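Shown next: work01.tsv, containing TSV, C-alpha atoms.
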chain	number	residue	atom	x	y	z
A	1	MET	CA	-8.68	15.63	20.21
A	2	ARG	CA	-7.85	12.70	17.95
A	3	MET	CA	-9.63	11.55	14.81
A	4	HIS	CA	-8.93	8.30	12.97
A	5	PHE	CA	-10.04	7.32	9.47
A	6	GLU	CA	-9.60	4.30	7.23
A	7	ILE	CA	-9.05	5.13	3.57
A	8	GLU	CA	-9.65	2.64	0.80
A	9	GLY	CA	-7.46	2.71	-2.28
A	10	GLY	CA	-9.33	3.17	-5.55
A	11	ASP	CA	-12.60	4.33	-3.93
A	12	PHE	CA	-12.97	7.68	-5.68
A	13	THR	CA	-16.56	8.17	-4.55
A	14	ALA	CA	-15.51	8.19	-0.90
A	15	ALA	CA	-12.31	10.15	-1.49
A	16	GLY	CA	-12.40	13.33	0.54
A	17	ARG	CA	-14.71	12.12	3.30
A	18	ALA	CA	-11.99	12.02	5.94
A	19	SER	CA	-10.71	15.50	5.06
A	20	SER	CA	-14.27	16.75	5.05
A	21	GLU	CA	-14.86	15.41	8.57
A	22	VAL	CA	-11.69	17.05	9.86
A	23	LYS	CA	-12.65	20.36	8.24
A	24	LYS	CA	-16.15	20.13	9.73
A	25	THR	CA	-14.66	19.51	13.19
A	26	LEU	CA	-12.16	22.36	12.90
A	27	LYS	CA	-14.95	24.76	11.88
A	28	GLN	CA	-16.33	24.43	15.41
A	29	PHE	CA	-13.17	25.98	16.83
A	30	ASN	CA	-12.11	29.57	16.48
A	31	ILE	CA	-9.59	28.98	13.69
A	32	PRO	CA	-8.86	31.64	11.06
A	33	PRO	CA	-10.55	30.73	7.71
A	34	GLU	CA	-7.22	30.94	5.88
A	35	VAL	CA	-5.70	28.31	8.19
A	36	LEU	CA	-8.80	26.15	7.85
A	37	ARG	CA	-8.46	26.31	4.07
A	38	LYS	CA	-4.78	25.31	4.23
A	39	VAL	CA	-5.56	22.28	6.40
A	40	ALA	CA	-8.48	21.19	4.21
A	41	ILE	CA	-6.48	21.41	1.00
A	42	ALA	CA	-3.37	19.69	2.38
A	43	LEU	CA	-5.45	16.81	3.81
A	44	TYR	CA	-7.60	16.43	0.72
A	45	GLU	CA	-4.55	16.27	-1.56
A	46	ALA	CA	-3.01	13.68	0.76
A	47	GLU	CA	-6.22	11.66	0.91
A	48	MET	CA	-6.53	11.72	-2.88
A	49	ASN	CA	-2.95	10.44	-3.10
A	50	VAL	CA	-3.81	7.43	-0.94
A	51	VAL	CA	-6.97	6.70	-2.94
A	52	ALA	CA	-5.14	7.18	-6.24
A	53	HIS	CA	-1.95	5.25	-5.52
A	54	ALA	CA	-2.27	2.96	-2.50
A	55	TRP	CA	-4.26	-0.16	-1.64
A	56	SER	CA	-5.36	1.10	1.75
A	57	GLY	CA	-4.40	3.70	4.27
A	58	THR	CA	-5.17	5.52	7.48
A	59	MET	CA	-5.42	9.15	8.51
A	60	ASP	CA	-4.82	10.14	12.13
A	61	ALA	CA	-5.43	13.77	12.98
A	62	ASP	CA	-4.42	15.26	16.32
A	63	ILE	CA	-6.10	18.59	16.96
A	64	LEU	CA	-4.11	20.52	19.53
A	65	PRO	CA	-4.49	24.08	20.85
A	66	GLU	CA	-1.47	25.21	18.79
A	67	GLY	CA	-2.22	23.39	15.56
A	68	ILE	CA	-3.10	20.18	13.80
A	69	HIS	CA	-0.77	17.24	13.30
A	70	VAL	CA	-1.80	14.59	10.80
A	71	VAL	CA	-0.19	11.27	9.93
A	72	MET	CA	-1.24	9.46	6.76
A	73	GLU	CA	0.07	5.93	6.37
A	74	ASP	CA	-0.63	3.68	3.47
A	75	LYS	CA	0.07	0.21	2.20
A	76	GLY	CA	0.94	0.47	-1.44
A	77	PRO	CA	3.65	0.64	-4.06
A	78	GLY	CA	5.45	3.47	-2.23
A	79	ILE	CA	7.48	6.20	-3.89
A	80	GLU	CA	10.72	5.26	-5.67
A	81	ASP	CA	12.18	8.75	-5.82
A	82	ILE	CA	10.71	11.22	-3.30
A	83	GLU	CA	12.72	14.17	-4.60
A	84	ARG	CA	11.30	13.63	-8.07
A	85	ALA	CA	7.76	13.09	-6.72
A	86	MET	CA	7.98	16.51	-5.06
A	87	GLU	CA	8.62	18.21	-8.41
A	88	GLU	CA	5.65	20.03	-9.92
A	89	GLY	CA	4.30	18.10	-12.89
A	90	PHE	CA	5.81	14.72	-12.06
A	91	SER	CA	3.11	12.08	-11.75
A	92	THR	CA	2.65	8.34	-11.96
A	93	ALA	CA	-1.16	8.59	-11.84
A	94	THR	CA	-3.34	6.30	-13.91
A	95	GLU	CA	-5.70	7.41	-16.64
A	96	GLU	CA	-8.64	6.87	-14.24
A	97	VAL	CA	-7.15	9.35	-11.76
A	98	ARG	CA	-6.57	11.89	-14.52
A	99	GLN	CA	-10.17	11.56	-15.65
A	100	MET	CA	-11.19	12.58	-12.13
A	101	GLY	CA	-9.35	15.88	-12.60
A	102	PHE	CA	-6.24	14.87	-10.66
A	103	GLY	CA	-2.87	13.28	-11.32
A	104	ALA	CA	-1.22	16.38	-12.74
A	105	GLY	CA	1.74	16.11	-10.40
A	106	MET	CA	0.65	19.06	-8.29
A	107	GLY	CA	-0.48	17.25	-5.14
A	108	LEU	CA	2.70	16.89	-3.11
A	109	PRO	CA	4.01	20.40	-3.93
A	110	ASN	CA	0.59	21.75	-2.95
A	111	ILE	CA	0.68	19.88	0.36
A	112	ARG	CA	4.07	21.43	1.08
A	113	LYS	CA	2.70	24.89	0.18
A	114	ASN	CA	-0.28	24.51	2.49
A	115	SER	CA	1.50	23.05	5.52
A	116	ASP	CA	4.03	24.40	8.01
A	117	ARG	CA	5.85	21.09	8.23
A	118	MET	CA	5.75	18.10	5.91
A	119	VAL	CA	7.70	14.87	6.30
A	120	LEU	CA	7.39	12.24	3.59
A	121	THR	CA	8.98	8.82	3.88
A	122	SER	CA	8.40	5.76	1.77
A	123	THR	CA	9.53	2.19	1.30
A	124	PRO	CA	8.98	1.03	-2.28
A	125	GLY	CA	6.74	-2.02	-2.39
A	126	VAL	CA	5.56	-1.49	1.19
A	127	GLY	CA	3.98	1.93	1.61
A	128	THR	CA	4.25	5.63	2.31
A	129	ARG	CA	4.04	7.76	5.44
A	130	LEU	CA	3.23	11.46	5.34
A	131	GLU	CA	3.26	13.79	8.32
A	132	ILE	CA	1.65	17.19	8.01
A	133	THR	CA	1.58	19.96	10.60
A	134	VAL	CA	-0.34	23.19	10.27
A	135	ALA	CA	-0.10	25.78	13.04
A	136	PHE	CA	-3.25	27.69	14.07
B	137	MET	CA	-23.11	39.89	-7.66
B	138	ASN	CA	-25.46	37.31	-6.18
B	139	LEU	CA	-26.47	33.96	-7.67
B	140	ASP	CA	-29.44	35.26	-9.66
B	141	GLN	CA	-27.49	38.20	-11.09
B	142	LEU	CA	-24.72	35.78	-12.03
B	143	ASN	CA	-27.07	33.35	-13.74
B	144	GLN	CA	-28.83	36.11	-15.70
B	145	ILE	CA	-25.57	36.64	-17.60
B	146	PHE	CA	-25.65	33.22	-19.26
B	147	ASN	CA	-29.18	31.91	-18.57
B	148	GLY	CA	-28.27	28.60	-17.00
B	149	THR	CA	-30.46	26.33	-14.90
B	150	ILE	CA	-30.04	26.73	-11.14
B	151	LEU	CA	-30.38	23.22	-9.66
B	152	MET	CA	-29.38	24.20	-6.13
B	153	ASP	CA	-29.20	27.70	-4.73
B	154	GLY	CA	-26.91	26.79	-1.83
B	155	HIS	CA	-28.93	28.88	0.65
B	156	ILE	CA	-26.11	31.33	1.05
B	157	PRO	CA	-25.92	35.03	0.24
B	158	GLY	CA	-23.32	34.65	-2.51
B	159	ASP	CA	-21.19	37.65	-3.38
B	160	TYR	CA	-19.31	36.59	-6.48
B	161	THR	CA	-16.50	38.78	-7.77
B	162	LYS	CA	-14.22	36.26	-9.49
B	163	ALA	CA	-14.38	33.21	-11.72
B	164	PHE	CA	-12.06	30.28	-12.39
B	165	ALA	CA	-12.50	27.82	-15.24
B	166	SER	CA	-10.84	24.41	-15.17
B	167	ASP	CA	-11.39	20.72	-15.72
B	168	LEU	CA	-8.27	20.03	-13.67
B	169	MET	CA	-9.17	19.94	-9.98
B	170	SER	CA	-5.49	19.84	-9.00
B	171	ASP	CA	-5.25	23.37	-10.37
B	172	VAL	CA	-8.39	24.55	-8.58
B	173	LEU	CA	-6.74	23.50	-5.31
B	174	ARG	CA	-3.73	25.72	-5.99
B	175	PHE	CA	-5.57	29.05	-5.95
B	176	ARG	CA	-7.43	31.13	-3.39
B	177	MET	CA	-11.07	30.73	-4.23
B	178	GLU	CA	-13.04	32.97	-1.88
B	179	ASN	CA	-15.97	34.71	-3.65
B	180	THR	CA	-15.13	32.71	-6.77
B	181	VAL	CA	-17.40	30.82	-9.15
B	182	LEU	CA	-15.97	27.59	-10.58
B	183	ILE	CA	-16.83	26.83	-14.20
B	184	THR	CA	-16.05	23.28	-15.31
B	185	GLY	CA	-16.87	20.61	-17.84
B	186	LEU	CA	-15.78	17.86	-15.43
B	187	CYS	CA	-18.79	16.25	-13.82
B	188	THR	CA	-17.75	14.07	-10.86
B	189	VAL	CA	-18.24	13.97	-7.10
B	190	GLN	CA	-14.66	15.14	-6.72
B	191	VAL	CA	-15.59	18.53	-8.23
B	192	LEU	CA	-17.90	19.00	-5.23
B	193	ARG	CA	-15.19	17.85	-2.81
B	194	THR	CA	-12.69	20.22	-4.39
B	195	ALA	CA	-15.18	23.09	-4.07
B	196	GLU	CA	-15.82	22.21	-0.45
B	197	MET	CA	-12.11	22.24	0.44
B	198	SER	CA	-11.47	25.46	-1.51
B	199	ASN	CA	-14.45	27.37	-0.04
B	200	ILE	CA	-16.10	27.63	-3.47
B	201	THR	CA	-19.84	28.17	-3.06
B	202	CYS	CA	-20.98	28.10	-6.70
B	203	ILE	CA	-20.19	25.68	-9.53
B	204	ILE	CA	-21.32	26.09	-13.14
B	205	PHE	CA	-21.31	22.84	-15.13
B	206	ALA	CA	-20.75	23.64	-18.80
B	207	ARG	CA	-21.29	21.80	-22.09
B	208	GLY	CA	-24.63	20.30	-20.98
B	209	LYS	CA	-23.08	18.08	-18.30
B	210	LYS	CA	-25.72	16.55	-16.04
B	211	VAL	CA	-25.15	16.63	-12.31
B	212	THR	CA	-25.89	13.31	-10.55
B	213	PRO	CA	-28.05	12.89	-7.43
B	214	ASP	CA	-25.03	12.09	-5.22
B	215	MET	CA	-23.34	15.29	-6.42
B	216	LEU	CA	-26.49	17.26	-5.60
B	217	ALA	CA	-26.63	15.68	-2.14
B	218	LEU	CA	-23.06	16.79	-1.45
B	219	ALA	CA	-23.85	20.28	-2.77
B	220	LYS	CA	-26.82	20.51	-0.44
B	221	GLU	CA	-24.81	19.32	2.55
B	222	HIS	CA	-22.08	21.90	1.96
B	223	HIS	CA	-24.27	24.80	0.77
B	224	ILE	CA	-22.82	24.90	-2.72
B	225	ALA	CA	-24.95	26.41	-5.49
B	226	ILE	CA	-25.14	24.36	-8.70
B	227	ILE	CA	-25.91	25.72	-12.17
B	228	GLU	CA	-26.08	23.66	-15.37
B	229	SER	CA	-25.54	25.25	-18.76
B	230	GLU	CA	-25.61	24.03	-22.35
B	231	LEU	CA	-22.99	26.62	-23.30
B	232	THR	CA	-19.30	25.82	-23.70
B	233	LEU	CA	-16.74	26.77	-21.09
B	234	PHE	CA	-15.45	29.42	-23.47
B	235	GLU	CA	-18.80	31.11	-23.94
B	236	ILE	CA	-19.68	31.09	-20.24
B	237	CYS	CA	-16.27	32.56	-19.41
B	238	GLY	CA	-16.65	35.23	-22.09
B	239	ARG	CA	-20.04	36.29	-20.86
B	240	LEU	CA	-19.01	36.37	-17.20
B	241	TYR	CA	-15.87	38.35	-18.02
B	242	GLN	CA	-17.97	40.84	-19.93
B	243	GLY	CA	-20.40	40.88	-17.01
B	244	GLY	CA	-17.67	42.09	-14.67
B	245	LEU	CA	-16.21	38.99	-13.01
B	246	GLU	CA	-12.45	39.00	-12.58
B	247	PRO	CA	-9.78	36.28	-12.68
B	248	VAL	CA	-8.44	34.86	-9.42
B	249	CYS	CA	-4.97	35.90	-8.26
B	250	ARG	CA	-2.29	33.41	-7.33
Can you dump the structure from the file as structure tokens?
Amino acid sequence: MRMHFEIEGGDFTAAGRASSEVKKTLKQFNIPPEVLRKVAIALYEAEMNVVAHAWSGTMDADILPEGIHVVMEDKGPGIEDIERAMEEGFSTATEEVRQMGFGAGMGLPNIRKNSDRMVLTSTPGVGTRLEITVAF
Amino acid sequence: MNLDQLNQIFNGTILMDGHIPGDYTKAFASDLMSDVLRFRMENTVLITGLCTVQVLRTAEMSNITCIIFARGKKVTPDMLALAKEHHIAIIESELTLFEICGRLYQGGLEPVCR
């Protein structure tokens, strides 16, 4: 099963809708609650990143019998130094993002913690691509 | 403890009861949602002074079924709609985060573990 979502940069009211839909869909299957929680948190962090940093993006979720594979692609400023971005506490978030309770530099490390495989690639000035896999 | 037992400890206003048989054993207080997302939150009450839709989203993703809004923060209709959709109980309180935490700790709630 495949789900596709468009994500708009800067739209904090809508942020989380795509992750919420995926979580709702996964709830219908017999997936352990702990795995469901991991998927929801990893996707929500990733979705917040797109809303917080990019101009627009997409989320494509493939739900397979053995797990979920998600690709998030955005058009935006990209990440200059991925290694640094993966460090806890490093953030380039705006004041607006921080006022929403985010932007503490915990998102990417938390995605890594809640996924079984994470591949992050980025071209500065063009955009970022994030692949997340969580096994059921 | 259930929602009513919880609320008796600090006399807040229950705006939404969530329609779930809550069994709360732990509490977590934060205005930083990034931190909420880092902990296991089952059977946990979230106490916060941050009043945005993203608090509801964070609760939804973390399986939090009760949020206490401290410092007299007023929950908006769109936040209430999300709470209703996801069966999340909402309590408003005039007390500070510190006082709510103190009372709940005294009332027997425990911190979350990493």
- [ ] Find the residues near Met72 (chain A): any atom within 9 Å, counting only C-alpha atoms, skip ones fewer than 6 places away on the same chain, and give them as a list in words.
- [x] Leu43, Ala46, Glu47, Val50, Gly57, Thr58, Met59, Asp60, Ala61, Thr128, Arg129, Leu130, Glu131 and Ile132 of chain A
Using all atoms listed in the file, which residues of chain B come within 12 Å of region 93-100 of chain A, and what is the closest atom pair for each, with the distance in Å to one decimal? Give it as a Markdown table, sorted by chain and residue number.
| residue | atom | partner | partner_atom | distance |
| --- | --- | --- | --- | --- |
| B:Asp167 | CA | A:Met100 | CA | 8.9 |
| B:Leu168 | CA | A:Met100 | CA | 8.1 |
| B:Met169 | CA | A:Met100 | CA | 7.9 |
| B:Ser170 | CA | A:Arg98 | CA | 9.7 |
| B:Gly185 | CA | A:Met100 | CA | 11.4 |
| B:Leu186 | CA | A:Met100 | CA | 7.7 |
| B:Cys187 | CA | A:Met100 | CA | 8.6 |
| B:Thr188 | CA | A:Met100 | CA | 6.8 |
| B:Val189 | CA | A:Met100 | CA | 8.8 |
| B:Gln190 | CA | A:Met100 | CA | 6.9 |
| B:Val191 | CA | A:Met100 | CA | 8.4 |
| B:Leu192 | CA | A:Met100 | CA | 11.6 |
| B:Arg193 | CA | A:Met100 | CA | 11.4 |
| B:Thr194 | CA | A:Met100 | CA | 11.0 |
Task: For region 240-242 of chain B: contacts at 12 Å, all atoms listed in the file, fewer than 6 positions along chain excluded, given as a ChimeraX atom specification - done: /B:137,141-147,160-165,180-183,204,233-234,248
Selection to disk with C-alpha atoms, as a PDB file, keeping the file's coordinate frame:
ATOM      1  CA  MET B 137     -23.110  39.890  -7.660  1.00  0.00           C
ATOM      2  CA  GLN B 141     -27.490  38.200 -11.090  1.00  0.00           C
ATOM      3  CA  LEU B 142     -24.720  35.780 -12.030  1.00  0.00           C
ATOM      4  CA  ASN B 143     -27.070  33.350 -13.740  1.00  0.00           C
ATOM      5  CA  GLN B 144     -28.830  36.110 -15.700  1.00  0.00           C
ATOM      6  CA  ILE B 145     -25.570  36.640 -17.600  1.00  0.00           C
ATOM      7  CA  PHE B 146     -25.650  33.220 -19.260  1.00  0.00           C
ATOM      8  CA  ASN B 147     -29.180  31.910 -18.570  1.00  0.00           C
ATOM      9  CA  TYR B 160     -19.310  36.590  -6.480  1.00  0.00           C
ATOM     10  CA  THR B 161     -16.500  38.780  -7.770  1.00  0.00           C
ATOM     11  CA  LYS B 162     -14.220  36.260  -9.490  1.00  0.00           C
ATOM     12  CA  ALA B 163     -14.380  33.210 -11.720  1.00  0.00           C
ATOM     13  CA  PHE B 164     -12.060  30.280 -12.390  1.00  0.00           C
ATOM     14  CA  ALA B 165     -12.500  27.820 -15.240  1.00  0.00           C
ATOM     15  CA  THR B 180     -15.130  32.710  -6.770  1.00  0.00           C
ATOM     16  CA  VAL B 181     -17.400  30.820  -9.150  1.00  0.00           C
ATOM     17  CA  LEU B 182     -15.970  27.590 -10.580  1.00  0.00           C
ATOM     18  CA  ILE B 183     -16.830  26.830 -14.200  1.00  0.00           C
ATOM     19  CA  ILE B 204     -21.320  26.090 -13.140  1.00  0.00           C
ATOM     20  CA  LEU B 233     -16.740  26.770 -21.090  1.00  0.00           C
ATOM     21  CA  PHE B 234     -15.450  29.420 -23.470  1.00  0.00           C
ATOM     22  CA  VAL B 248      -8.440  34.860  -9.420  1.00  0.00           C
TER      23      VAL B 248
END
Please check which residues have atoms at most 12 Å from (-8.4, 32.0, -0.8) in the file's coordinates, counting all atoms listed in the file, and write them as a PDB file with C-alpha atoms, in the coordinates of the input.
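Output file selection.pdb is given in full below:
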ATOM      1  CA  PRO A  32      -8.860  31.640  11.060  1.00  0.00           C
ATOM      2  CA  PRO A  33     -10.550  30.730   7.710  1.00  0.00           C
ATOM      3  CA  GLU A  34      -7.220  30.940   5.880  1.00  0.00           C
ATOM      4  CA  VAL A  35      -5.700  28.310   8.190  1.00  0.00           C
ATOM      5  CA  LEU A  36      -8.800  26.150   7.850  1.00  0.00           C
ATOM      6  CA  ARG A  37      -8.460  26.310   4.070  1.00  0.00           C
ATOM      7  CA  LYS A  38      -4.780  25.310   4.230  1.00  0.00           C
ATOM      8  CA  ALA A  40      -8.480  21.190   4.210  1.00  0.00           C
ATOM      9  CA  ILE A  41      -6.480  21.410   1.000  1.00  0.00           C
ATOM     10  CA  ASN A 114      -0.280  24.510   2.490  1.00  0.00           C
TER      11      ASN A 114
ATOM     12  CA  LYS B 162     -14.220  36.260  -9.490  1.00  0.00           C
ATOM     13  CA  VAL B 172      -8.390  24.550  -8.580  1.00  0.00           C
ATOM     14  CA  LEU B 173      -6.740  23.500  -5.310  1.00  0.00           C
ATOM     15  CA  ARG B 174      -3.730  25.720  -5.990  1.00  0.00           C
ATOM     16  CA  PHE B 175      -5.570  29.050  -5.950  1.00  0.00           C
ATOM     17  CA  ARG B 176      -7.430  31.130  -3.390  1.00  0.00           C
ATOM     18  CA  MET B 177     -11.070  30.730  -4.230  1.00  0.00           C
ATOM     19  CA  GLU B 178     -13.040  32.970  -1.880  1.00  0.00           C
ATOM     20  CA  ASN B 179     -15.970  34.710  -3.650  1.00  0.00           C
ATOM     21  CA  THR B 180     -15.130  32.710  -6.770  1.00  0.00           C
ATOM     22  CA  ALA B 195     -15.180  23.090  -4.070  1.00  0.00           C
ATOM     23  CA  MET B 197     -12.110  22.240   0.440  1.00  0.00           C
ATOM     24  CA  SER B 198     -11.470  25.460  -1.510  1.00  0.00           C
ATOM     25  CA  ASN B 199     -14.450  27.370  -0.040  1.00  0.00           C
ATOM     26  CA  ILE B 200     -16.100  27.630  -3.470  1.00  0.00           C
ATOM     27  CA  VAL B 248      -8.440  34.860  -9.420  1.00  0.00           C
ATOM     28  CA  CYS B 249      -4.970  35.900  -8.260  1.00  0.00           C
ATOM     29  CA  ARG B 250      -2.290  33.410  -7.330  1.00  0.00           C
TER      30      ARG B 250
END
- [ ] Tell me which of A:Val126, A:Ile63, A:Ala42, A:Met106 sits closest to Pro77 (chain A), counting only C-alpha atoms.
- [x]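 Of A:Val126, A:Ile63, A:Ala42, A:Met106, the one nearest Pro77 (chain A), counting only C-alpha atoms, is A:Val126.
Going from CA of Asp153 (chain B) over to CA of Arg207 (chain B), you cover 20.0 Å.
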Task: Å distance separating CA of Met48 (chain A) from CA of Val71 (chain A), one decimal place - done: 14.3 Å
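The smallest atom-to-atom distance between chain A and any of B:Ser166, B:Thr149, B:Ser229, B:Thr201, using only C-alpha atoms, is found for B:Ser166.
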Task: Separation of CA of Gly127 (chain A) from CA of Lys24 (chain A) in Å - done: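 A separation of 28.3 Å between them.
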Task: chain A contacts to chain B at 8 Å (all atoms listed in the file) as a ChimeraX atom specification - done: /A:12-13,15-16,20,37,40-41,44,100-104,106-107,110
Output C-alpha atoms of each residue in that selection to a file, as a PDB file, keeping the file's coordinate frame.
ATOM      1  CA  PHE A  12     -12.970   7.680  -5.680  1.00  0.00           C
ATOM      2  CA  THR A  13     -16.560   8.170  -4.550  1.00  0.00           C
ATOM      3  CA  ALA A  15     -12.310  10.150  -1.490  1.00  0.00           C
ATOM      4  CA  GLY A  16     -12.400  13.330   0.540  1.00  0.00           C
ATOM      5  CA  SER A  20     -14.270  16.750   5.050  1.00  0.00           C
ATOM      6  CA  ARG A  37      -8.460  26.310   4.070  1.00  0.00           C
ATOM      7  CA  ALA A  40      -8.480  21.190   4.210  1.00  0.00           C
ATOM      8  CA  ILE A  41      -6.480  21.410   1.000  1.00  0.00           C
ATOM      9  CA  TYR A  44      -7.600  16.430   0.720  1.00  0.00           C
ATOM     10  CA  MET A 100     -11.190  12.580 -12.130  1.00  0.00           C
ATOM     11  CA  GLY A 101      -9.350  15.880 -12.600  1.00  0.00           C
ATOM     12  CA  PHE A 102      -6.240  14.870 -10.660  1.00  0.00           C
ATOM     13  CA  GLY A 103      -2.870  13.280 -11.320  1.00  0.00           C
ATOM     14  CA  ALA A 104      -1.220  16.380 -12.740  1.00  0.00           C
ATOM     15  CA  MET A 106       0.650  19.060  -8.290  1.00  0.00           C
ATOM     16  CA  GLY A 107      -0.480  17.250  -5.140  1.00  0.00           C
ATOM     17  CA  ASN A 110       0.590  21.750  -2.950  1.00  0.00           C
TER      18      ASN A 110
END
TODO: Kindly indicate which residue among A:Leu26, A:Ile111, A:Val70, A:Leu64 lies nearest to Asn49 (chain A), using only C-alpha atoms for the distances.
DONE: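 Looking only at the distances to Asn49 (chain A), the closest residue turns out to be A:Ile111.
Selecting by distance to (-28.8, 13.9, -10.5) with a limit of 12 Å and using all atoms listed in the file, one obtains Leu151, Met152, Cys187, Thr188, Val189, Lys209, Lys210, Val211, Thr212, Pro213, Asp214, Met215, Leu216, Ala217, Leu218, Ala219, Ile226 and Glu228 of chain B.
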Output region 196-208 of chain B with N, CA and C atoms present, as a short mmCIF file (atom, residue, chain, number, x, y, z; two decimals), keeping the file's coordinate frame.
data_model
loop_
_atom_site.label_atom_id
_atom_site.label_comp_id
_atom_site.auth_asym_id
_atom_site.auth_seq_id
_atom_site.Cartn_x
_atom_site.Cartn_y
_atom_site.Cartn_z
N GLU B 196 -15.67 22.17 -1.91
CA GLU B 196 -15.82 22.21 -0.45
C GLU B 196 -14.50 22.60 0.23
N MET B 197 -13.42 21.96 -0.19
CA MET B 197 -12.11 22.24 0.44
C MET B 197 -11.62 23.64 0.12
N SER B 198 -11.99 24.15 -1.06
CA SER B 198 -11.47 25.46 -1.51
C SER B 198 -12.39 26.62 -1.14
N ASN B 199 -13.46 26.33 -0.41
CA ASN B 199 -14.45 27.37 -0.04
C ASN B 199 -15.13 27.98 -1.27
N ILE B 200 -15.34 27.17 -2.29
CA ILE B 200 -16.10 27.63 -3.47
C ILE B 200 -17.58 27.35 -3.19
N THR B 201 -18.42 28.36 -3.40
CA THR B 201 -19.84 28.17 -3.06
C THR B 201 -20.75 28.17 -4.30
N CYS B 202 -20.15 28.20 -5.49
CA CYS B 202 -20.98 28.10 -6.70
C CYS B 202 -20.20 27.40 -7.82
N ILE B 203 -20.83 26.39 -8.41
CA ILE B 203 -20.19 25.68 -9.53
C ILE B 203 -21.13 25.75 -10.74
N ILE B 204 -20.57 26.11 -11.88
CA ILE B 204 -21.32 26.09 -13.14
C ILE B 204 -20.80 24.91 -13.96
N PHE B 205 -21.69 23.97 -14.30
CA PHE B 205 -21.31 22.84 -15.13
C PHE B 205 -21.64 23.18 -16.58
N ALA B 206 -20.61 23.20 -17.40
CA ALA B 206 -20.75 23.64 -18.80
C ALA B 206 -21.00 22.46 -19.74
N ARG B 207 -21.19 22.79 -21.00
CA ARG B 207 -21.29 21.80 -22.09
C ARG B 207 -22.41 20.77 -21.87
N GLY B 208 -23.48 21.18 -21.16
CA GLY B 208 -24.63 20.30 -20.98
C GLY B 208 -24.39 19.11 -20.07
#
